Amino acid sequence: MQTARCAISSALGQAVALPEPTGELANALQAPGASFVTLNQREELRGCIGSLQAHRPLITDIQANAVAAALHDSRFAPLTLAELDITTVEVSVLSAMQPLPFACEADALAQLRPGVDGVVFECGRYRSTFLPQVWEQLPNARQFMAHLKHKAGLAPDFWAAEVRLQRYTVSKFKEVEGAS
């Protein structure tokens with residue numbers, strides 16, 4: 001979280017020194033990893049950008065996604081330095097993707113683990129994902145899937161033989177509200 005916050009501060013023109021990680025943490029941050037960085041203000045989403053596949057060192061992924069969530073999430077105006085103090089940072093480090101084989105939509109829904117699974121929905125050029133945290137707002141598997149399809153640009157009741165699902169878990173690290 002400190003890495004993400006420092007990257008955002010730096011991108012907003014505020015010089016910050018990031019303590020050098022050591023030991024196991026340093027090794028983990030240098031290994032390839034995929035992350036999502038979520039920004040909230042007063043429990044409301046303010047930005048969320050991430051990577052689904054590990055393609056660079058985790059520390060680099062966190063820094064890039066933090067800056068992107070703050071400045072380039074198309075749903076929001078870029079974050080300002082004045083807003084940074086009221087913004088909480090959450091970092092989700094993703095596990096490897098696991099294909100989810102299923103016979104039909106009901107079978108897929110029955111296999112989902114609410115509160116545990118992040119899900120990637122794909123069908124042709126349509127693609128979307130929800131982190132496991134989204135189960136907090138959509139605890140019903142059918143609702144969760146309907147919103148995931150809508151996010152991909154499809155009708156909530158859409159289903160086709162070409163649908164592909166993958167699931168993943170996250171290790172989540174979140175600042176305490178107001179403790180920035």
# chains A, B, ... in the order shown; residues from 1 in each chain; ligands from 1
call {"tool": "residues_around", "arguments": {"residues": "region 113-127 of chain A", "least_positions_apart": "5", "cutoff": "8 Å", "atoms": "only C-alpha atoms", "output": "JSON, numbers by chain"}}
result
{"A": [132, 133, 134, 135, 136, 139, 140, 141, 148, 149, 152, 153, 154, 160, 162, 163, 164, 165, 166, 167, 168, 169, 170]}
call {"tool": "residues_around", "arguments": {"residues": "Met1 (chain A)", "least_positions_apart": "2", "cutoff": "8 Å", "atoms": "only C-alpha atoms", "output": "ChimeraX atom specification"}}
result
/A:3-5,89-91,173-175
call {"tool": "write_last_selection", "arguments": {"atoms": "C-alpha atoms", "output": "PDB file, in the first residue's frame"}}
result
ATOM      1  CA  THR A   3       4.378   1.596  -2.616  1.00  0.00           C
ATOM      2  CA  ALA A   4       1.065   2.460  -4.292  1.00  0.00           C
ATOM      3  CA  ARG A   5       0.538   5.642  -2.263  1.00  0.00           C
ATOM      4  CA  VAL A  89      -5.570   2.670  -1.101  1.00  0.00           C
ATOM      5  CA  GLU A  90      -6.249  -1.035  -1.478  1.00  0.00           C
ATOM      6  CA  VAL A  91      -3.857  -3.403  -3.242  1.00  0.00           C
ATOM      7  CA  PHE A 173      -4.045  -5.154   1.627  1.00  0.00           C
ATOM      8  CA  LYS A 174      -6.093  -2.101   2.585  1.00  0.00           C
ATOM      9  CA  GLU A 175      -5.344   1.117   4.400  1.00  0.00           C
TER      10      GLU A 175
END
call {"tool": "residues_around", "arguments": {"residues": "Ala106 (chain A)", "least_positions_apart": "4", "cutoff": "10 Å", "atoms": "only C-alpha atoms", "output": "MDAnalysis selection string"}}
result
chainID A and resid 102 110:111 141:142
call {"tool": "select_by_dssp", "arguments": {"residues": "region 40-76 of chain A", "states": "helix (DSSP H, G or I)", "output": "PyMOL selection string"}}
result
chain A and resi 58-71
call {"tool": "write_last_selection", "arguments": {"atoms": "all heavy atoms", "output": "short mmCIF file (atom, residue, chain, number, x, y, z; two decimals), in the first residue's frame"}}
result
data_model
loop_
_atom_site.label_atom_id
_atom_site.label_comp_id
_atom_site.auth_asym_id
_atom_site.auth_seq_id
_atom_site.Cartn_x
_atom_site.Cartn_y
_atom_site.Cartn_z
N LEU A 58 6.27 -7.43 -9.41
CA LEU A 58 5.07 -7.02 -8.68
C LEU A 58 5.15 -5.56 -8.24
O LEU A 58 4.18 -4.82 -8.36
CB LEU A 58 4.84 -7.93 -7.47
CG LEU A 58 3.62 -7.62 -6.61
CD1 LEU A 58 2.33 -7.64 -7.43
CD2 LEU A 58 3.54 -8.59 -5.44
N ILE A 59 6.30 -5.11 -7.76
CA ILE A 59 6.42 -3.72 -7.30
C ILE A 59 6.16 -2.74 -8.45
O ILE A 59 5.48 -1.74 -8.28
CB ILE A 59 7.79 -3.45 -6.61
CG1 ILE A 59 7.73 -2.09 -5.89
CG2 ILE A 59 8.94 -3.54 -7.60
CD1 ILE A 59 8.86 -1.87 -4.91
N THR A 60 6.64 -3.07 -9.64
CA THR A 60 6.42 -2.22 -10.82
C THR A 60 4.95 -2.24 -11.21
O THR A 60 4.37 -1.21 -11.57
CB THR A 60 7.30 -2.70 -11.99
OG1 THR A 60 8.66 -2.73 -11.55
CG2 THR A 60 7.16 -1.82 -13.21
N ASP A 61 4.33 -3.42 -11.12
CA ASP A 61 2.91 -3.56 -11.45
C ASP A 61 2.06 -2.73 -10.50
O ASP A 61 1.16 -2.01 -10.92
CB ASP A 61 2.52 -5.05 -11.39
CG ASP A 61 1.23 -5.33 -12.11
OD1 ASP A 61 1.19 -5.18 -13.35
OD2 ASP A 61 0.24 -5.68 -11.44
N ILE A 62 2.36 -2.80 -9.21
CA ILE A 62 1.60 -2.03 -8.21
C ILE A 62 1.77 -0.54 -8.48
O ILE A 62 0.78 0.21 -8.48
CB ILE A 62 2.06 -2.39 -6.78
CG1 ILE A 62 1.61 -3.82 -6.44
CG2 ILE A 62 1.50 -1.39 -5.77
CD1 ILE A 62 2.23 -4.36 -5.15
N GLN A 63 2.98 -0.09 -8.72
CA GLN A 63 3.22 1.34 -8.96
C GLN A 63 2.47 1.82 -10.20
O GLN A 63 1.79 2.86 -10.17
CB GLN A 63 4.72 1.60 -9.10
CG GLN A 63 5.48 1.42 -7.81
CD GLN A 63 6.99 1.33 -8.00
OE1 GLN A 63 7.48 0.94 -9.06
NE2 GLN A 63 7.72 1.69 -6.95
N ALA A 64 2.58 1.07 -11.29
CA ALA A 64 1.92 1.47 -12.54
C ALA A 64 0.40 1.47 -12.39
O ALA A 64 -0.28 2.40 -12.86
CB ALA A 64 2.35 0.54 -13.67
N ASN A 65 -0.15 0.46 -11.73
CA ASN A 65 -1.60 0.39 -11.56
C ASN A 65 -2.11 1.45 -10.60
O ASN A 65 -3.22 1.96 -10.77
CB ASN A 65 -2.02 -1.01 -11.12
CG ASN A 65 -1.82 -2.03 -12.23
OD1 ASN A 65 -1.84 -1.69 -13.41
ND2 ASN A 65 -1.61 -3.27 -11.86
N ALA A 66 -1.31 1.81 -9.60
CA ALA A 66 -1.71 2.88 -8.68
C ALA A 66 -1.83 4.20 -9.42
O ALA A 66 -2.83 4.93 -9.27
CB ALA A 66 -0.70 2.99 -7.54
N VAL A 67 -0.83 4.52 -10.22
CA VAL A 67 -0.85 5.77 -10.99
C VAL A 67 -2.01 5.74 -11.99
O VAL A 67 -2.74 6.72 -12.14
CB VAL A 67 0.51 6.01 -11.69
CG1 VAL A 67 0.42 7.18 -12.66
CG2 VAL A 67 1.60 6.26 -10.64
N ALA A 68 -2.21 4.61 -12.65
CA ALA A 68 -3.31 4.50 -13.61
C ALA A 68 -4.66 4.65 -12.93
O ALA A 68 -5.55 5.33 -13.44
CB ALA A 68 -3.22 3.17 -14.36
N ALA A 69 -4.84 4.05 -11.75
CA ALA A 69 -6.11 4.17 -11.03
C ALA A 69 -6.36 5.62 -10.62
O ALA A 69 -7.50 6.09 -10.65
CB ALA A 69 -6.11 3.26 -9.80
N ALA A 70 -5.30 6.31 -10.24
CA ALA A 70 -5.44 7.71 -9.80
C ALA A 70 -5.66 8.68 -10.95
O ALA A 70 -6.43 9.63 -10.82
CB ALA A 70 -4.20 8.12 -9.02
N LEU A 71 -5.00 8.43 -12.07
CA LEU A 71 -4.99 9.43 -13.14
C LEU A 71 -5.67 9.02 -14.44
O LEU A 71 -6.00 9.88 -15.26
CB LEU A 71 -3.55 9.83 -13.46
CG LEU A 71 -2.73 10.38 -12.28
CD1 LEU A 71 -1.31 10.68 -12.73
CD2 LEU A 71 -3.40 11.60 -11.68
#
call {"tool": "select_by_dssp", "arguments": {"residues": "chain A", "states": "strand (DSSP E)", "output": "PyMOL selection string"}}
result
chain A and resi 35-41+44-50+87-94+98-99+118-123+126-130+164-168+170-174
call {"tool": "write_last_selection", "arguments": {"atoms": "N, CA and C atoms", "output": "CSV table (one decimal), in the first residue's frame"}}
result
chain,number,residue,atom,x,y,z
A,35,SER,N,-1.5,-7.3,-10.1
A,35,SER,CA,-2.2,-6.6,-9.0
A,35,SER,C,-3.3,-5.7,-9.6
A,36,PHE,N,-4.2,-5.4,-8.7
A,36,PHE,CA,-5.2,-4.3,-8.9
A,36,PHE,C,-5.0,-3.3,-7.8
A,37,VAL,N,-5.1,-2.1,-8.1
A,37,VAL,CA,-5.1,-1.0,-7.1
A,37,VAL,C,-6.5,-0.3,-7.2
A,38,THR,N,-7.1,-0.3,-6.0
A,38,THR,CA,-8.4,0.3,-5.9
A,38,THR,C,-8.3,1.5,-4.9
A,39,LEU,N,-8.9,2.6,-5.4
A,39,LEU,CA,-8.9,3.9,-4.6
A,39,LEU,C,-10.3,4.2,-4.2
A,40,ASN,N,-10.5,4.5,-2.9
A,40,ASN,CA,-11.8,4.8,-2.4
A,40,ASN,C,-11.8,6.2,-1.6
A,41,GLN,N,-12.9,6.9,-1.7
A,41,GLN,CA,-13.1,8.1,-0.9
A,41,GLN,C,-14.4,7.9,-0.1
A,44,GLU,N,-16.5,5.1,-1.2
A,44,GLU,CA,-17.0,5.2,-2.6
A,44,GLU,C,-15.8,5.0,-3.5
A,45,LEU,N,-16.0,4.2,-4.6
A,45,LEU,CA,-15.0,3.9,-5.5
A,45,LEU,C,-14.5,5.2,-6.2
A,46,ARG,N,-13.2,5.4,-6.3
A,46,ARG,CA,-12.6,6.6,-6.9
A,46,ARG,C,-11.6,6.2,-8.0
A,47,GLY,N,-11.4,4.9,-8.2
A,47,GLY,CA,-10.5,4.5,-9.3
A,47,GLY,C,-10.1,3.0,-9.0
A,48,CYS,N,-10.0,2.3,-10.1
A,48,CYS,CA,-9.5,0.9,-9.9
A,48,CYS,C,-9.0,0.4,-11.3
A,49,ILE,N,-7.7,0.1,-11.3
A,49,ILE,CA,-7.0,-0.4,-12.5
A,49,ILE,C,-6.1,-1.6,-12.1
A,50,GLY,N,-5.9,-2.5,-13.0
A,50,GLY,CA,-5.1,-3.6,-12.6
A,50,GLY,C,-4.6,-4.5,-13.8
A,87,THR,N,-8.2,9.8,0.4
A,87,THR,CA,-8.3,8.6,-0.5
A,87,THR,C,-7.6,7.5,0.2
A,88,THR,N,-8.3,6.3,0.3
A,88,THR,CA,-7.7,5.1,0.8
A,88,THR,C,-7.3,4.2,-0.3
A,89,VAL,N,-6.2,3.5,-0.1
A,89,VAL,CA,-5.6,2.7,-1.1
A,89,VAL,C,-5.7,1.2,-0.7
A,90,GLU,N,-6.1,0.4,-1.7
A,90,GLU,CA,-6.2,-1.0,-1.5
A,90,GLU,C,-5.5,-1.7,-2.6
A,91,VAL,N,-4.6,-2.6,-2.3
A,91,VAL,CA,-3.9,-3.4,-3.2
A,91,VAL,C,-4.3,-4.9,-3.2
A,92,SER,N,-4.7,-5.4,-4.3
A,92,SER,CA,-5.0,-6.8,-4.4
A,92,SER,C,-4.0,-7.5,-5.3
A,93,VAL,N,-3.3,-8.5,-4.7
A,93,VAL,CA,-2.3,-9.3,-5.5
A,93,VAL,C,-3.0,-10.6,-5.9
A,94,LEU,N,-3.0,-10.8,-7.2
A,94,LEU,CA,-3.8,-11.9,-7.8
A,94,LEU,C,-3.0,-13.2,-7.8
A,98,GLN,N,-7.2,-19.7,-13.1
A,98,GLN,CA,-7.6,-21.1,-13.2
A,98,GLN,C,-8.8,-21.2,-14.1
A,99,PRO,N,-8.7,-21.9,-15.2
A,99,PRO,CA,-9.9,-22.1,-16.0
A,99,PRO,C,-11.1,-22.7,-15.2
A,118,GLY,N,-12.4,-14.3,-7.7
A,118,GLY,CA,-12.4,-13.2,-8.7
A,118,GLY,C,-12.7,-14.0,-10.0
A,119,VAL,N,-13.5,-13.3,-10.9
A,119,VAL,CA,-13.9,-14.0,-12.1
A,119,VAL,C,-13.6,-13.2,-13.3
A,120,VAL,N,-13.0,-13.9,-14.4
A,120,VAL,CA,-12.9,-13.2,-15.7
A,120,VAL,C,-13.9,-13.9,-16.6
A,121,PHE,N,-14.7,-13.1,-17.2
A,121,PHE,CA,-15.7,-13.5,-18.2
A,121,PHE,C,-15.2,-13.1,-19.6
A,122,GLU,N,-15.3,-14.1,-20.5
A,122,GLU,CA,-14.9,-13.8,-21.9
A,122,GLU,C,-15.8,-14.5,-22.9
A,123,CYS,N,-16.1,-13.8,-23.9
A,123,CYS,CA,-16.9,-14.3,-25.0
A,123,CYS,C,-16.6,-13.5,-26.2
A,126,TYR,N,-15.6,-9.7,-26.1
A,126,TYR,CA,-16.2,-9.2,-24.8
A,126,TYR,C,-15.4,-9.8,-23.6
A,127,ARG,N,-15.0,-8.9,-22.7
A,127,ARG,CA,-14.2,-9.4,-21.5
A,127,ARG,C,-14.5,-8.5,-20.4
A,128,SER,N,-14.5,-9.1,-19.2
A,128,SER,CA,-14.7,-8.3,-18.0
A,128,SER,C,-14.2,-9.1,-16.8
A,129,THR,N,-13.9,-8.4,-15.7
A,129,THR,CA,-13.5,-9.1,-14.4
A,129,THR,C,-14.1,-8.4,-13.3
A,130,PHE,N,-14.4,-9.2,-12.2
A,130,PHE,CA,-14.7,-8.6,-10.9
A,130,PHE,C,-13.7,-9.2,-9.9
A,164,ARG,N,-16.2,-18.3,-21.9
A,164,ARG,CA,-15.1,-18.9,-21.1
A,164,ARG,C,-15.0,-18.1,-19.8
A,165,LEU,N,-14.8,-18.9,-18.7
A,165,LEU,CA,-14.6,-18.3,-17.4
A,165,LEU,C,-13.3,-18.7,-16.8
A,166,GLN,N,-12.7,-17.8,-16.1
A,166,GLN,CA,-11.5,-18.1,-15.3
A,166,GLN,C,-11.7,-17.6,-13.9
A,167,ARG,N,-11.1,-18.2,-12.9
A,167,ARG,CA,-11.2,-17.6,-11.6
A,167,ARG,C,-9.8,-17.5,-11.0
A,168,TYR,N,-9.8,-16.6,-10.0
A,168,TYR,CA,-8.5,-16.3,-9.3
A,168,TYR,C,-8.9,-15.9,-7.8
A,170,VAL,N,-7.3,-13.4,-4.4
A,170,VAL,CA,-6.4,-12.3,-4.1
A,170,VAL,C,-5.9,-12.3,-2.7
A,171,SER,N,-4.8,-11.7,-2.5
A,171,SER,CA,-4.3,-11.3,-1.2
A,171,SER,C,-4.6,-9.8,-1.2
A,172,LYS,N,-5.4,-9.4,-0.2
A,172,LYS,CA,-5.8,-8.0,-0.2
A,172,LYS,C,-5.1,-7.2,1.0
A,173,PHE,N,-4.7,-6.0,0.6
A,173,PHE,CA,-4.0,-5.2,1.6
A,173,PHE,C,-4.7,-3.8,1.5
A,174,LYS,N,-5.3,-3.3,2.6
A,174,LYS,CA,-6.1,-2.1,2.6
A,174,LYS,C,-5.7,-1.2,3.7
call {"tool": "residues_around", "arguments": {"residues": "Asn27 (chain A)", "least_positions_apart": "4", "cutoff": "10 Å", "atoms": "only C-alpha atoms", "output": "list in words"}}
result
Pro21, Thr22, Gly23, Ala31, Pro57 and Leu58 of chain A
